[in-house]
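Asker: Provided below: run09.txt, containing compact mmCIF, N, CA and C atoms.
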```txt
# COMPACT_ATOMS: atom_id res chain seq x y z
N MET L 1 103.36 102.82 104.21
CA MET L 1 104.56 102.98 103.43
C MET L 1 104.22 103.82 102.20
N ARG L 2 104.96 104.84 101.98
CA ARG L 2 104.80 105.68 100.79
C ARG L 2 105.65 105.13 99.67
N PRO L 3 105.14 105.14 98.44
CA PRO L 3 105.97 104.71 97.32
C PRO L 3 107.21 105.60 97.23
N VAL L 4 108.32 105.01 96.81
CA VAL L 4 109.58 105.73 96.77
C VAL L 4 109.89 106.20 95.35
N ARG L 5 109.41 105.51 94.39
CA ARG L 5 109.85 105.73 93.02
C ARG L 5 108.84 106.53 92.22
N GLN L 6 109.36 107.49 91.48
CA GLN L 6 108.58 108.21 90.48
C GLN L 6 109.30 108.07 89.17
N PRO L 7 108.61 107.71 88.10
CA PRO L 7 109.29 107.54 86.83
C PRO L 7 109.86 108.87 86.35
N ALA L 8 111.10 108.82 85.93
CA ALA L 8 111.75 110.02 85.41
C ALA L 8 111.44 110.18 83.93
N VAL L 9 111.17 111.38 83.55
CA VAL L 9 110.97 111.71 82.14
C VAL L 9 111.74 112.99 81.86
N ARG L 10 111.96 113.25 80.62
CA ARG L 10 112.68 114.47 80.25
C ARG L 10 111.95 115.67 80.84
N GLY L 11 112.69 116.47 81.59
CA GLY L 11 112.10 117.68 82.16
C GLY L 11 111.45 117.49 83.51
N GLY L 12 111.58 116.31 84.14
CA GLY L 12 110.98 116.13 85.47
C GLY L 12 110.40 114.75 85.65
N THR L 13 109.33 114.66 86.42
CA THR L 13 108.66 113.38 86.64
C THR L 13 107.27 113.45 86.06
N THR L 14 106.70 112.29 85.82
CA THR L 14 105.35 112.23 85.27
C THR L 14 104.33 112.40 86.38
N ALA L 15 103.14 112.80 86.01
CA ALA L 15 102.05 112.87 86.97
C ALA L 15 101.55 111.45 87.23
N PRO L 16 101.15 111.13 88.45
CA PRO L 16 100.64 109.79 88.73
C PRO L 16 99.44 109.46 87.84
N SER L 17 99.37 108.21 87.40
CA SER L 17 98.25 107.80 86.55
C SER L 17 97.04 107.37 87.37
N ARG L 18 97.21 107.26 88.67
CA ARG L 18 96.09 106.94 89.56
C ARG L 18 96.33 107.65 90.89
N PRO L 19 95.29 107.85 91.65
CA PRO L 19 95.47 108.51 92.95
C PRO L 19 96.41 107.68 93.85
N LEU L 20 97.26 108.35 94.59
CA LEU L 20 98.20 107.69 95.48
C LEU L 20 97.46 106.79 96.47
N GLU L 21 96.32 107.23 96.95
CA GLU L 21 95.55 106.44 97.91
C GLU L 21 95.12 105.10 97.31
N GLU L 22 94.80 105.08 96.03
CA GLU L 22 94.40 103.84 95.36
C GLU L 22 95.57 102.85 95.33
N ALA L 23 96.76 103.33 95.01
CA ALA L 23 97.94 102.47 94.99
C ALA L 23 98.25 101.96 96.39
N GLU L 24 98.17 102.84 97.39
CA GLU L 24 98.42 102.43 98.78
C GLU L 24 97.44 101.36 99.23
N GLN L 25 96.17 101.52 98.89
CA GLN L 25 95.15 100.54 99.27
C GLN L 25 95.45 99.18 98.63
N TRP L 26 95.83 99.19 97.36
CA TRP L 26 96.16 97.95 96.64
C TRP L 26 97.31 97.23 97.36
N ILE L 27 98.34 97.99 97.72
CA ILE L 27 99.49 97.40 98.39
C ILE L 27 99.08 96.87 99.77
N ARG L 28 98.34 97.66 100.53
CA ARG L 28 97.90 97.21 101.87
C ARG L 28 97.12 95.90 101.80
N GLU L 29 96.19 95.81 100.84
CA GLU L 29 95.38 94.59 100.71
C GLU L 29 96.24 93.37 100.44
N ARG L 30 97.17 93.47 99.52
CA ARG L 30 97.97 92.32 99.13
C ARG L 30 99.00 91.94 100.19
N LEU L 31 99.57 92.93 100.84
CA LEU L 31 100.51 92.61 101.91
C LEU L 31 99.77 92.13 103.15
N GLY L 32 98.60 92.71 103.40
CA GLY L 32 97.82 92.36 104.59
C GLY L 32 97.30 90.94 104.59
N ASP L 33 96.91 90.43 103.43
CA ASP L 33 96.37 89.07 103.40
C ASP L 33 97.39 88.03 102.97
N GLY L 34 98.65 88.45 102.80
CA GLY L 34 99.71 87.50 102.49
C GLY L 34 99.84 87.12 101.04
N ARG L 35 99.04 87.72 100.16
CA ARG L 35 99.19 87.40 98.74
C ARG L 35 100.55 87.84 98.20
N TRP L 36 101.08 88.91 98.73
CA TRP L 36 102.36 89.45 98.30
C TRP L 36 103.26 89.61 99.52
N LEU L 37 104.55 89.72 99.26
CA LEU L 37 105.54 89.98 100.30
C LEU L 37 106.36 91.19 99.85
N ALA L 38 106.74 92.03 100.78
CA ALA L 38 107.62 93.16 100.46
C ALA L 38 108.78 93.16 101.43
N ARG L 39 109.92 93.55 100.94
CA ARG L 39 111.09 93.81 101.77
C ARG L 39 111.46 95.27 101.54
N VAL L 40 111.74 95.97 102.62
CA VAL L 40 112.03 97.40 102.56
C VAL L 40 113.38 97.65 103.22
N ALA L 41 114.17 98.55 102.63
CA ALA L 41 115.43 98.97 103.22
C ALA L 41 115.27 100.41 103.70
N GLU L 42 115.88 100.70 104.84
CA GLU L 42 115.83 102.05 105.40
C GLU L 42 117.25 102.53 105.71
N THR L 43 117.43 103.83 105.57
CA THR L 43 118.64 104.49 106.06
C THR L 43 118.18 105.76 106.77
N GLY L 44 118.67 105.96 107.97
CA GLY L 44 118.29 107.14 108.73
C GLY L 44 116.80 107.25 108.97
N GLY L 45 116.10 106.12 109.10
CA GLY L 45 114.66 106.14 109.35
C GLY L 45 113.81 106.41 108.13
N GLU L 46 114.43 106.51 106.96
CA GLU L 46 113.69 106.76 105.72
C GLU L 46 113.79 105.54 104.80
N VAL L 47 112.70 105.21 104.13
CA VAL L 47 112.71 104.13 103.15
C VAL L 47 113.60 104.55 102.00
N CYS L 48 114.57 103.69 101.66
CA CYS L 48 115.47 104.00 100.55
C CYS L 48 115.43 102.94 99.46
N GLY L 49 114.67 101.87 99.68
CA GLY L 49 114.55 100.82 98.67
C GLY L 49 113.49 99.82 99.04
N HIS L 50 113.03 99.09 98.04
CA HIS L 50 112.03 98.06 98.28
C HIS L 50 112.03 97.05 97.14
N VAL L 51 111.46 95.90 97.43
CA VAL L 51 111.26 94.86 96.42
C VAL L 51 110.00 94.09 96.83
N PHE L 52 109.22 93.68 95.85
CA PHE L 52 107.97 92.95 96.09
C PHE L 52 108.06 91.56 95.47
N LEU L 53 107.38 90.62 96.09
CA LEU L 53 107.35 89.24 95.62
C LEU L 53 105.90 88.76 95.57
N CYS L 54 105.51 88.24 94.43
CA CYS L 54 104.18 87.65 94.26
C CYS L 54 104.34 86.14 94.09
N PRO L 55 103.86 85.35 95.05
CA PRO L 55 103.91 83.90 94.87
C PRO L 55 102.98 83.48 93.73
N VAL L 56 103.46 82.57 92.91
CA VAL L 56 102.68 82.06 91.79
C VAL L 56 102.54 80.55 91.98
N GLU L 57 101.32 80.13 92.24
CA GLU L 57 101.07 78.70 92.41
C GLU L 57 101.04 78.03 91.05
N ARG L 58 101.43 76.78 91.05
CA ARG L 58 101.35 75.99 89.82
C ARG L 58 100.32 74.88 90.04
N VAL L 59 99.62 74.56 89.00
CA VAL L 59 98.58 73.53 89.07
C VAL L 59 99.23 72.20 89.43
N PRO L 60 98.69 71.50 90.42
CA PRO L 60 99.26 70.19 90.77
C PRO L 60 99.13 69.20 89.62
N GLU L 61 100.19 68.46 89.40
CA GLU L 61 100.19 67.41 88.38
C GLU L 61 100.52 66.09 89.07
N PRO L 62 99.94 65.00 88.60
CA PRO L 62 100.23 63.72 89.23
C PRO L 62 101.70 63.30 89.07
N TYR L 63 102.34 63.72 87.97
CA TYR L 63 103.70 63.25 87.70
C TYR L 63 104.72 64.37 87.65
N GLY L 64 104.35 65.55 88.06
CA GLY L 64 105.28 66.67 87.97
C GLY L 64 105.40 67.44 89.26
N ASP L 65 106.35 68.31 89.26
CA ASP L 65 106.61 69.15 90.41
C ASP L 65 105.70 70.38 90.33
N ASN L 66 105.06 70.73 91.41
CA ASN L 66 104.20 71.91 91.39
C ASN L 66 104.58 72.89 92.50
N THR L 67 105.87 72.91 92.86
CA THR L 67 106.29 73.88 93.86
C THR L 67 106.08 75.28 93.31
N PRO L 68 105.73 76.21 94.18
CA PRO L 68 105.45 77.57 93.70
C PRO L 68 106.72 78.27 93.22
N ILE L 69 106.51 79.27 92.39
CA ILE L 69 107.59 80.13 91.95
C ILE L 69 107.26 81.54 92.44
N GLY L 70 108.23 82.41 92.39
CA GLY L 70 108.01 83.78 92.84
C GLY L 70 108.28 84.77 91.73
N TYR L 71 107.40 85.73 91.58
CA TYR L 71 107.58 86.82 90.62
C TYR L 71 108.08 88.03 91.38
N VAL L 72 109.29 88.48 91.08
CA VAL L 72 109.92 89.62 91.74
C VAL L 72 109.62 90.87 90.92
N THR L 73 109.12 91.90 91.59
CA THR L 73 108.75 93.11 90.87
C THR L 73 108.95 94.34 91.75
N ASN L 74 108.91 95.48 91.11
CA ASN L 74 108.99 96.77 91.78
C ASN L 74 110.22 96.87 92.68
N PHE L 75 111.34 96.41 92.15
CA PHE L 75 112.61 96.44 92.86
C PHE L 75 113.26 97.79 92.59
N PHE L 76 113.49 98.55 93.66
CA PHE L 76 114.00 99.90 93.48
C PHE L 76 114.84 100.32 94.67
N VAL L 77 115.94 101.00 94.39
CA VAL L 77 116.77 101.63 95.41
C VAL L 77 116.98 103.08 94.99
N MET L 78 116.81 103.99 95.94
CA MET L 78 116.98 105.42 95.65
C MET L 78 118.39 105.66 95.09
N PRO L 79 118.51 106.50 94.07
CA PRO L 79 119.83 106.71 93.44
C PRO L 79 120.97 107.03 94.40
N PRO L 80 120.80 107.89 95.42
CA PRO L 80 121.93 108.17 96.31
C PRO L 80 122.39 106.95 97.13
N GLN L 81 121.54 105.93 97.22
CA GLN L 81 121.86 104.75 98.03
C GLN L 81 122.33 103.57 97.20
N ARG L 82 122.42 103.74 95.90
CA ARG L 82 122.84 102.63 95.03
C ARG L 82 124.34 102.38 95.17
N ILE L 83 124.71 101.16 94.83
CA ILE L 83 126.09 100.68 94.88
C ILE L 83 126.64 100.74 96.32
N LYS L 84 125.77 100.50 97.28
CA LYS L 84 126.16 100.45 98.68
C LYS L 84 125.78 99.11 99.32
N GLY L 85 125.31 98.16 98.49
CA GLY L 85 124.94 96.86 99.01
C GLY L 85 123.48 96.73 99.40
N ILE L 86 122.71 97.80 99.27
CA ILE L 86 121.30 97.75 99.67
C ILE L 86 120.50 96.84 98.75
N GLY L 87 120.72 96.95 97.45
CA GLY L 87 120.01 96.09 96.50
C GLY L 87 120.34 94.63 96.73
N SER L 88 121.62 94.33 96.94
CA SER L 88 122.03 92.95 97.21
C SER L 88 121.38 92.43 98.49
N ALA L 89 121.32 93.28 99.52
CA ALA L 89 120.70 92.87 100.79
C ALA L 89 119.21 92.60 100.62
N LEU L 90 118.53 93.43 99.83
CA LEU L 90 117.10 93.20 99.57
C LEU L 90 116.89 91.88 98.85
N LEU L 91 117.70 91.61 97.83
CA LEU L 91 117.57 90.35 97.09
C LEU L 91 117.89 89.16 97.99
N GLU L 92 118.92 89.29 98.82
CA GLU L 92 119.28 88.20 99.72
C GLU L 92 118.13 87.89 100.69
N ALA L 93 117.50 88.92 101.24
CA ALA L 93 116.36 88.70 102.15
C ALA L 93 115.20 88.03 101.41
N LEU L 94 114.96 88.44 100.18
CA LEU L 94 113.88 87.86 99.39
C LEU L 94 114.18 86.39 99.07
N GLU L 95 115.42 86.11 98.70
CA GLU L 95 115.82 84.73 98.39
C GLU L 95 115.71 83.84 99.63
N LEU L 96 116.13 84.34 100.79
CA LEU L 96 116.03 83.56 102.02
C LEU L 96 114.58 83.22 102.33
N HIS L 97 113.71 84.22 102.24
CA HIS L 97 112.28 83.97 102.46
C HIS L 97 111.76 82.94 101.46
N SER L 98 112.12 83.08 100.20
CA SER L 98 111.62 82.20 99.15
C SER L 98 112.07 80.76 99.35
N ARG L 99 113.31 80.57 99.77
CA ARG L 99 113.79 79.20 100.05
C ARG L 99 113.00 78.59 101.21
N ARG L 100 112.81 79.38 102.27
CA ARG L 100 112.07 78.88 103.43
C ARG L 100 110.61 78.58 103.08
N ALA L 101 110.06 79.33 102.12
CA ALA L 101 108.67 79.11 101.71
C ALA L 101 108.54 77.96 100.71
N GLY L 102 109.66 77.40 100.27
CA GLY L 102 109.61 76.25 99.37
C GLY L 102 109.57 76.58 97.89
N PHE L 103 109.83 77.82 97.53
CA PHE L 103 109.87 78.18 96.11
C PHE L 103 111.10 77.53 95.49
N ASP L 104 111.01 77.18 94.21
CA ASP L 104 112.20 76.65 93.56
C ASP L 104 112.79 77.61 92.53
N THR L 105 112.07 78.68 92.20
CA THR L 105 112.54 79.63 91.20
C THR L 105 111.98 81.01 91.49
N LEU L 106 112.79 82.02 91.23
CA LEU L 106 112.32 83.41 91.24
C LEU L 106 112.47 83.95 89.83
N ILE L 107 111.46 84.67 89.39
CA ILE L 107 111.47 85.25 88.04
C ILE L 107 111.48 86.76 88.18
N VAL L 108 112.35 87.41 87.42
CA VAL L 108 112.43 88.87 87.42
C VAL L 108 112.78 89.34 86.02
N TRP L 109 112.17 90.43 85.62
CA TRP L 109 112.53 91.09 84.37
C TRP L 109 113.23 92.38 84.75
N PRO L 110 114.55 92.34 84.91
CA PRO L 110 115.24 93.54 85.38
C PRO L 110 115.31 94.62 84.32
N SER L 111 115.39 95.84 84.79
CA SER L 111 115.61 96.96 83.88
C SER L 111 117.07 96.91 83.42
N ASP L 112 117.40 97.69 82.42
CA ASP L 112 118.79 97.77 81.97
C ASP L 112 119.70 98.18 83.12
N ARG L 113 119.24 99.10 83.95
CA ARG L 113 120.04 99.58 85.08
C ARG L 113 120.19 98.49 86.14
N GLY L 114 119.18 97.64 86.31
CA GLY L 114 119.22 96.62 87.35
C GLY L 114 119.91 95.33 86.95
N SER L 115 120.11 95.12 85.65
CA SER L 115 120.70 93.86 85.18
C SER L 115 122.05 93.54 85.81
N PRO L 116 122.98 94.50 85.94
CA PRO L 116 124.27 94.15 86.55
C PRO L 116 124.13 93.61 87.98
N LEU L 117 123.24 94.19 88.76
CA LEU L 117 123.03 93.70 90.13
C LEU L 117 122.56 92.25 90.10
N HIS L 118 121.60 91.96 89.24
CA HIS L 118 121.07 90.59 89.18
C HIS L 118 122.15 89.60 88.75
N ARG L 119 122.99 89.99 87.80
CA ARG L 119 124.08 89.11 87.38
C ARG L 119 125.08 88.89 88.53
N ARG L 120 125.42 89.96 89.27
CA ARG L 120 126.34 89.83 90.41
C ARG L 120 125.77 88.90 91.47
N CYS L 121 124.45 88.90 91.61
CA CYS L 121 123.79 88.07 92.64
C CYS L 121 123.56 86.64 92.17
N GLY L 122 123.99 86.32 90.96
CA GLY L 122 123.89 84.94 90.48
C GLY L 122 122.68 84.64 89.63
N ASP L 123 121.86 85.63 89.34
CA ASP L 123 120.70 85.39 88.48
C ASP L 123 121.20 85.03 87.08
N GLN L 124 120.50 84.11 86.46
CA GLN L 124 120.90 83.65 85.13
C GLN L 124 119.77 83.88 84.15
N PRO L 125 120.11 84.23 82.90
CA PRO L 125 119.05 84.39 81.91
C PRO L 125 118.39 83.04 81.63
N PRO L 126 117.09 83.03 81.36
CA PRO L 126 116.42 81.76 81.07
C PRO L 126 116.89 81.21 79.74
N GLU L 127 116.83 79.89 79.63
CA GLU L 127 117.17 79.27 78.36
C GLU L 127 116.12 79.61 77.31
N GLU L 128 114.91 79.76 77.76
CA GLU L 128 113.82 80.10 76.83
C GLU L 128 112.83 80.99 77.57
N LEU L 129 112.46 82.05 76.95
CA LEU L 129 111.46 82.94 77.52
C LEU L 129 110.51 83.32 76.39
N VAL L 130 109.26 83.13 76.63
CA VAL L 130 108.25 83.49 75.65
C VAL L 130 107.37 84.55 76.29
N GLU L 131 107.16 85.61 75.58
CA GLU L 131 106.35 86.71 76.10
C GLU L 131 105.31 87.07 75.07
N LEU L 132 104.09 87.22 75.51
CA LEU L 132 103.00 87.62 74.61
C LEU L 132 102.46 88.95 75.08
N PRO L 133 102.93 90.05 74.49
CA PRO L 133 102.37 91.36 74.87
C PRO L 133 100.92 91.44 74.44
N LEU L 134 100.09 91.92 75.32
CA LEU L 134 98.67 92.06 75.03
C LEU L 134 98.37 93.55 74.86
N ASP L 135 98.43 94.02 73.64
CA ASP L 135 98.15 95.42 73.37
C ASP L 135 96.71 95.71 73.69
N GLN L 136 96.49 96.86 74.25
CA GLN L 136 95.11 97.22 74.63
C GLN L 136 94.54 98.20 73.68
```
Please rewrite the model in this file as structure tokens.

Answerer:
Amino acid sequence: MRPVRQPAVRGGTTAPSRPLEEAEQWIRERLGDGRWLARVAETGGEVCGHVFLCPVERVPEPYGDNTPIGYVTNFFVMPPQRIKGIGSALLEALELHSRRAGFDTLIVWPSDRGSPLHRRCGDQPPEELVELPLDQ
């Protein structure tokens, strides 16, 4: 599977920050051993969207729930295919898989452009979110 998305910048797209083969290998390893899950949408035999899910295990506690949660990332639909139900279908497939796998929560940090889709699909903002950026 070839990546579909290139970040847009003023005047064109940016140059990749790593070799494409390195990114492909990373994806193959994680999908191949089941660490990650991907759902892909196609139109006319071409990939037009994708979403990735990383299961996050929680440490077992004697008195608490430790069901896994899912981190949703790299959710993208090609611009000409947006607002056609493809994003909703990708999320629905991911949610179905997650329920069957026993997850109780999916976490996503949507972009400004993606927020309306997530709200339409019933995603709710967290009551509390704490983020610690680690500047390098």

Asker: For Pro55 in chain L, list every protein, DNA or RNA residue within 6.5 Å, evaluated using only N, CA and C atoms, and leave out those in the same chain fewer than 5 positions away; present the list as a PyMOL selection string.

Answerer: chain L and resi 35-37+68-71

Asker: If you count only C-alpha atoms, which residues fall within 7 Å of range 84-91 of chain L, apart from same-chain ones fewer than 6 positions away, as a list in words?

Answerer: Arg39, Ala41, Val51, Val77 and Cys121 of chain L

Asker: DSSP on the backbone: what in range 14-101 of chain L comes out helix (DSSP H, G or I), as a CSV table (one decimal) with N, CA and C atoms, in the coordinates of the input?

Answerer:
```csv
chain,number,residue,atom,x,y,z
L,20,LEU,N,97.3,108.4,94.6
L,20,LEU,CA,98.2,107.7,95.5
L,20,LEU,C,97.5,106.8,96.5
L,21,GLU,N,96.3,107.2,97.0
L,21,GLU,CA,95.6,106.4,97.9
L,21,GLU,C,95.1,105.1,97.3
L,22,GLU,N,94.8,105.1,96.0
L,22,GLU,CA,94.4,103.8,95.4
L,22,GLU,C,95.6,102.8,95.3
L,23,ALA,N,96.8,103.3,95.0
L,23,ALA,CA,97.9,102.5,95.0
L,23,ALA,C,98.2,102.0,96.4
L,24,GLU,N,98.2,102.8,97.4
L,24,GLU,CA,98.4,102.4,98.8
L,24,GLU,C,97.4,101.4,99.2
L,25,GLN,N,96.2,101.5,98.9
L,25,GLN,CA,95.2,100.5,99.3
L,25,GLN,C,95.4,99.2,98.6
L,26,TRP,N,95.8,99.2,97.4
L,26,TRP,CA,96.2,98.0,96.6
L,26,TRP,C,97.3,97.2,97.4
L,27,ILE,N,98.3,98.0,97.7
L,27,ILE,CA,99.5,97.4,98.4
L,27,ILE,C,99.1,96.9,99.8
L,28,ARG,N,98.3,97.7,100.5
L,28,ARG,CA,97.9,97.2,101.9
L,28,ARG,C,97.1,95.9,101.8
L,29,GLU,N,96.2,95.8,100.8
L,29,GLU,CA,95.4,94.6,100.7
L,29,GLU,C,96.2,93.4,100.4
L,30,ARG,N,97.2,93.5,99.5
L,30,ARG,CA,98.0,92.3,99.1
L,30,ARG,C,99.0,91.9,100.2
L,31,LEU,N,99.6,92.9,100.8
L,31,LEU,CA,100.5,92.6,101.9
L,31,LEU,C,99.8,92.1,103.2
L,32,GLY,N,98.6,92.7,103.4
L,32,GLY,CA,97.8,92.4,104.6
L,32,GLY,C,97.3,90.9,104.6
L,79,PRO,N,118.5,106.5,94.1
L,79,PRO,CA,119.8,106.7,93.4
L,79,PRO,C,121.0,107.0,94.4
L,80,PRO,N,120.8,107.9,95.4
L,80,PRO,CA,121.9,108.2,96.3
L,80,PRO,C,122.4,107.0,97.1
L,81,GLN,N,121.5,105.9,97.2
L,81,GLN,CA,121.9,104.8,98.0
L,81,GLN,C,122.3,103.6,97.2
L,86,ILE,N,122.7,97.8,99.3
L,86,ILE,CA,121.3,97.8,99.7
L,86,ILE,C,120.5,96.8,98.8
L,87,GLY,N,120.7,97.0,97.4
L,87,GLY,CA,120.0,96.1,96.5
L,87,GLY,C,120.3,94.6,96.7
L,88,SER,N,121.6,94.3,96.9
L,88,SER,CA,122.0,93.0,97.2
L,88,SER,C,121.4,92.4,98.5
L,89,ALA,N,121.3,93.3,99.5
L,89,ALA,CA,120.7,92.9,100.8
L,89,ALA,C,119.2,92.6,100.6
L,90,LEU,N,118.5,93.4,99.8
L,90,LEU,CA,117.1,93.2,99.6
L,90,LEU,C,116.9,91.9,98.8
L,91,LEU,N,117.7,91.6,97.8
L,91,LEU,CA,117.6,90.4,97.1
L,91,LEU,C,117.9,89.2,98.0
L,92,GLU,N,118.9,89.3,98.8
L,92,GLU,CA,119.3,88.2,99.7
L,92,GLU,C,118.1,87.9,100.7
L,93,ALA,N,117.5,88.9,101.2
L,93,ALA,CA,116.4,88.7,102.2
L,93,ALA,C,115.2,88.0,101.4
L,94,LEU,N,115.0,88.4,100.2
L,94,LEU,CA,113.9,87.9,99.4
L,94,LEU,C,114.2,86.4,99.1
L,95,GLU,N,115.4,86.1,98.7
L,95,GLU,CA,115.8,84.7,98.4
L,95,GLU,C,115.7,83.8,99.6
L,96,LEU,N,116.1,84.3,100.8
L,96,LEU,CA,116.0,83.6,102.0
L,96,LEU,C,114.6,83.2,102.3
L,97,HIS,N,113.7,84.2,102.2
L,97,HIS,CA,112.3,84.0,102.5
L,97,HIS,C,111.8,82.9,101.5
L,98,SER,N,112.1,83.1,100.2
L,98,SER,CA,111.6,82.2,99.2
L,98,SER,C,112.1,80.8,99.4
L,99,ARG,N,113.3,80.6,99.8
L,99,ARG,CA,113.8,79.2,100.0
L,99,ARG,C,113.0,78.6,101.2
L,100,ARG,N,112.8,79.4,102.3
L,100,ARG,CA,112.1,78.9,103.4
L,100,ARG,C,110.6,78.6,103.1
```

Asker: Please return as JSON, numbers by chain every residue within 10 Å of (116.3, 106.5, 104.1), taking into account only C-alpha atoms and the file's own coordinates.

Answerer: {"L": [4, 41, 42, 43, 44, 45, 46, 47, 48, 49, 77, 78, 80, 81]}

Asker: Just N, CA and C atoms for this one: save the residues we selected as a tab-separated table (two decimals), keeping the file's coordinate frame.

Answerer:
```tsv
chain	number	residue	atom	x	y	z
L	4	VAL	N	108.32	105.01	96.81
L	4	VAL	CA	109.58	105.73	96.77
L	4	VAL	C	109.89	106.20	95.35
L	41	ALA	N	114.17	98.55	102.63
L	41	ALA	CA	115.43	98.97	103.22
L	41	ALA	C	115.27	100.41	103.70
L	42	GLU	N	115.88	100.70	104.84
L	42	GLU	CA	115.83	102.05	105.40
L	42	GLU	C	117.25	102.53	105.71
L	43	THR	N	117.43	103.83	105.57
L	43	THR	CA	118.64	104.49	106.06
L	43	THR	C	118.18	105.76	106.77
L	44	GLY	N	118.67	105.96	107.97
L	44	GLY	CA	118.29	107.14	108.73
L	44	GLY	C	116.80	107.25	108.97
L	45	GLY	N	116.10	106.12	109.10
L	45	GLY	CA	114.66	106.14	109.35
L	45	GLY	C	113.81	106.41	108.13
L	46	GLU	N	114.43	106.51	106.96
L	46	GLU	CA	113.69	106.76	105.72
L	46	GLU	C	113.79	105.54	104.80
L	47	VAL	N	112.70	105.21	104.13
L	47	VAL	CA	112.71	104.13	103.15
L	47	VAL	C	113.60	104.55	102.00
L	48	CYS	N	114.57	103.69	101.66
L	48	CYS	CA	115.47	104.00	100.55
L	48	CYS	C	115.43	102.94	99.46
L	49	GLY	N	114.67	101.87	99.68
L	49	GLY	CA	114.55	100.82	98.67
L	49	GLY	C	113.49	99.82	99.04
L	77	VAL	N	115.94	101.00	94.39
L	77	VAL	CA	116.77	101.63	95.41
L	77	VAL	C	116.98	103.08	94.99
L	78	MET	N	116.81	103.99	95.94
L	78	MET	CA	116.98	105.42	95.65
L	78	MET	C	118.39	105.66	95.09
L	80	PRO	N	120.80	107.89	95.42
L	80	PRO	CA	121.93	108.17	96.31
L	80	PRO	C	122.39	106.95	97.13
L	81	GLN	N	121.54	105.93	97.22
L	81	GLN	CA	121.86	104.75	98.03
L	81	GLN	C	122.33	103.57	97.20
```

Asker: Please report the interatomic distance between CA of Glu61 in chain L and CA of Glu95 in chain L in Å with one decimal.

Answerer: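 Interatomic distance, CA of Glu61 in chain L to CA of Glu95 in chain L: 25.4 Å.
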
Asker: Compare L:Arg99, L:Glu21, L:Asp104, L:Ile83 by their minimum atom-to-atom distance to Thr67 in chain L, counting all atoms listed in the file, and give me the closest one.

Answerer: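 Closest candidate: L:Asp104.
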
Asker: Suppose you want the space between CA of Leu96 in chain L and CA of Asp33 in chain L; what is it in Å?

Answerer: 20.5 Å

Asker: Which distance in Å separates atom C of Ile107 in chain L and atom N of Arg30 in chain L, to one decimal?

Answerer: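 If I compute the distance from atom C of Ile107 in chain L to atom N of Arg30 in chain L, I get 19.5 Å.
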
Asker: Can you sort out the box for range 52-68 of chain L, edges along x, y and z, all listed atoms in, 5 Å on every side, with centre and edge lengths in Å to one decimal, as lines of an AutoDock Vina configuration file?

Answerer:
```
center_x = 103.9
center_y = 78.5
center_z = 91.9
size_x = 20.6
size_y = 40.4
size_z = 18.4
```

Asker: What lies within 6.5 Å of Val72 in chain L using only N, CA and C atoms, ignoring chain neighbours under 5 positions off, as a ChimeraX atom specification?

Answerer: /L:52-54,106-109

Asker: Those residues you just picked out, can you put them in a file as a PDB file, in the coordinates of the input with N, CA and C atoms?

Answerer:
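Saved file selection_23.pdb follows:
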```
ATOM      1  N   PHE L  52     109.220  93.680  95.850  1.00  0.00           N
ATOM      2  CA  PHE L  52     107.970  92.950  96.090  1.00  0.00           C
ATOM      3  C   PHE L  52     108.060  91.560  95.470  1.00  0.00           C
ATOM      4  N   LEU L  53     107.380  90.620  96.090  1.00  0.00           N
ATOM      5  CA  LEU L  53     107.350  89.240  95.620  1.00  0.00           C
ATOM      6  C   LEU L  53     105.900  88.760  95.570  1.00  0.00           C
ATOM      7  N   CYS L  54     105.510  88.240  94.430  1.00  0.00           N
ATOM      8  CA  CYS L  54     104.180  87.650  94.260  1.00  0.00           C
ATOM      9  C   CYS L  54     104.340  86.140  94.090  1.00  0.00           C
ATOM     10  N   LEU L 106     112.790  82.020  91.230  1.00  0.00           N
ATOM     11  CA  LEU L 106     112.320  83.410  91.240  1.00  0.00           C
ATOM     12  C   LEU L 106     112.470  83.950  89.830  1.00  0.00           C
ATOM     13  N   ILE L 107     111.460  84.670  89.390  1.00  0.00           N
ATOM     14  CA  ILE L 107     111.470  85.250  88.040  1.00  0.00           C
ATOM     15  C   ILE L 107     111.480  86.760  88.180  1.00  0.00           C
ATOM     16  N   VAL L 108     112.350  87.410  87.420  1.00  0.00           N
ATOM     17  CA  VAL L 108     112.430  88.870  87.420  1.00  0.00           C
ATOM     18  C   VAL L 108     112.780  89.340  86.020  1.00  0.00           C
ATOM     19  N   TRP L 109     112.170  90.430  85.620  1.00  0.00           N
ATOM     20  CA  TRP L 109     112.530  91.090  84.370  1.00  0.00           C
ATOM     21  C   TRP L 109     113.230  92.380  84.750  1.00  0.00           C
TER      22      TRP L 109
END
```

Asker: Report the residues of range 15-118 of chain L whose backbone DSSP state falls under strand (DSSP E), written as a PyMOL selection string.

Answerer: chain L and resi 37-43+46-56+69-77+105-108
